[in-house]
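Just below is one structure, and these are the notes that go with it.
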Amino acid sequence: MQLKKMRIHEAKKYVADKLHVTPLDLSDPTLMRGLREELDIGIVTGVPGVAKGIAAKANISKLLDIEINSVEQFKKKTGLHW
C-alpha cells in the first residue's frame, strides 16, 4: 500500500474493507489464517493446495485491486495474464 502513498491507518482500512473485515481483525492470527486460506492468498506456513509465492501474490493483487511489481514482471516474462 506504500505505492498508493497511504498512511498506515488508511492502508489498514483499505485492506480491511477489501477483505470485508475490520482493521482490528487484521491482527487476529486465527481469523486471518482462515481468511487467507479461504481467499487463497497464501499463509505463513505452507498447506498443501493453498497458493504460495507468486501465485499468492497474484491473488492478493487481484483481490486488493493493486499492482504488485513482481506479479507484473512475472506476467510479462511468462506471457501469462490472469
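Residues are named by chain letter and number: chains run A, B, ... in the order of the C-alpha cells, numbers start at 1 in each chain, and ligands are numbered from 1 in the order shown.
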Checklist entry - Could you pull out all residues of chain A with a DSSP call of alpha helix (DSSP H) and give them as an MDAnalysis selection string? => result chainID A and resid 8:19 29:39 53:64 69:78
Just want the 12 Å neighbourhood of range 44-49 of chain A, counted on only C-alpha atoms, with same-chain residues fewer than 5 positions away dropped. Output as a PDB file with N, CA and C atoms, in the first residue's frame.
```pdb
ATOM      1  N   PRO A  29      -4.574 -13.540  14.360  1.00  0.00           N
ATOM      2  CA  PRO A  29      -3.929 -14.581  13.552  1.00  0.00           C
ATOM      3  C   PRO A  29      -4.845 -15.752  13.201  1.00  0.00           C
ATOM      4  N   MET A  32      -7.364 -14.432  10.505  1.00  0.00           N
ATOM      5  CA  MET A  32      -6.678 -14.156   9.250  1.00  0.00           C
ATOM      6  C   MET A  32      -6.160 -15.422   8.574  1.00  0.00           C
ATOM      7  N   ARG A  33      -5.732 -16.405   9.346  1.00  0.00           N
ATOM      8  CA  ARG A  33      -5.281 -17.653   8.726  1.00  0.00           C
ATOM      9  C   ARG A  33      -6.431 -18.306   7.962  1.00  0.00           C
ATOM     10  N   GLY A  34      -7.588 -18.381   8.607  1.00  0.00           N
ATOM     11  CA  GLY A  34      -8.759 -18.953   7.941  1.00  0.00           C
ATOM     12  C   GLY A  34      -9.153 -18.166   6.707  1.00  0.00           C
ATOM     13  N   ARG A  36      -7.194 -16.164   4.903  1.00  0.00           N
ATOM     14  CA  ARG A  36      -6.156 -16.298   3.876  1.00  0.00           C
ATOM     15  C   ARG A  36      -6.281 -17.637   3.148  1.00  0.00           C
ATOM     16  N   GLU A  37      -6.609 -18.691   3.888  1.00  0.00           N
ATOM     17  CA  GLU A  37      -6.818 -19.993   3.239  1.00  0.00           C
ATOM     18  C   GLU A  37      -8.041 -19.935   2.325  1.00  0.00           C
ATOM     19  N   GLU A  38      -9.130 -19.357   2.827  1.00  0.00           N
ATOM     20  CA  GLU A  38     -10.371 -19.255   2.060  1.00  0.00           C
ATOM     21  C   GLU A  38     -10.184 -18.456   0.773  1.00  0.00           C
ATOM     22  N   ALA A  55       2.024 -17.084  -6.898  1.00  0.00           N
ATOM     23  CA  ALA A  55       0.590 -17.343  -7.058  1.00  0.00           C
ATOM     24  C   ALA A  55      -0.204 -16.628  -5.969  1.00  0.00           C
ATOM     25  N   ALA A  56       0.289 -16.662  -4.742  1.00  0.00           N
ATOM     26  CA  ALA A  56      -0.377 -15.955  -3.638  1.00  0.00           C
ATOM     27  C   ALA A  56      -0.345 -14.452  -3.885  1.00  0.00           C
TER      28      ALA A  56
END
```
Item to check | For Ala16 in chain A, the nearest of the candidates A:Leu63, A:Thr30, A:Gly42, A:Gly53, counting only C-alpha atoms | outcome: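 Answer, going by the shortest atom-to-atom distance: A:Leu63.
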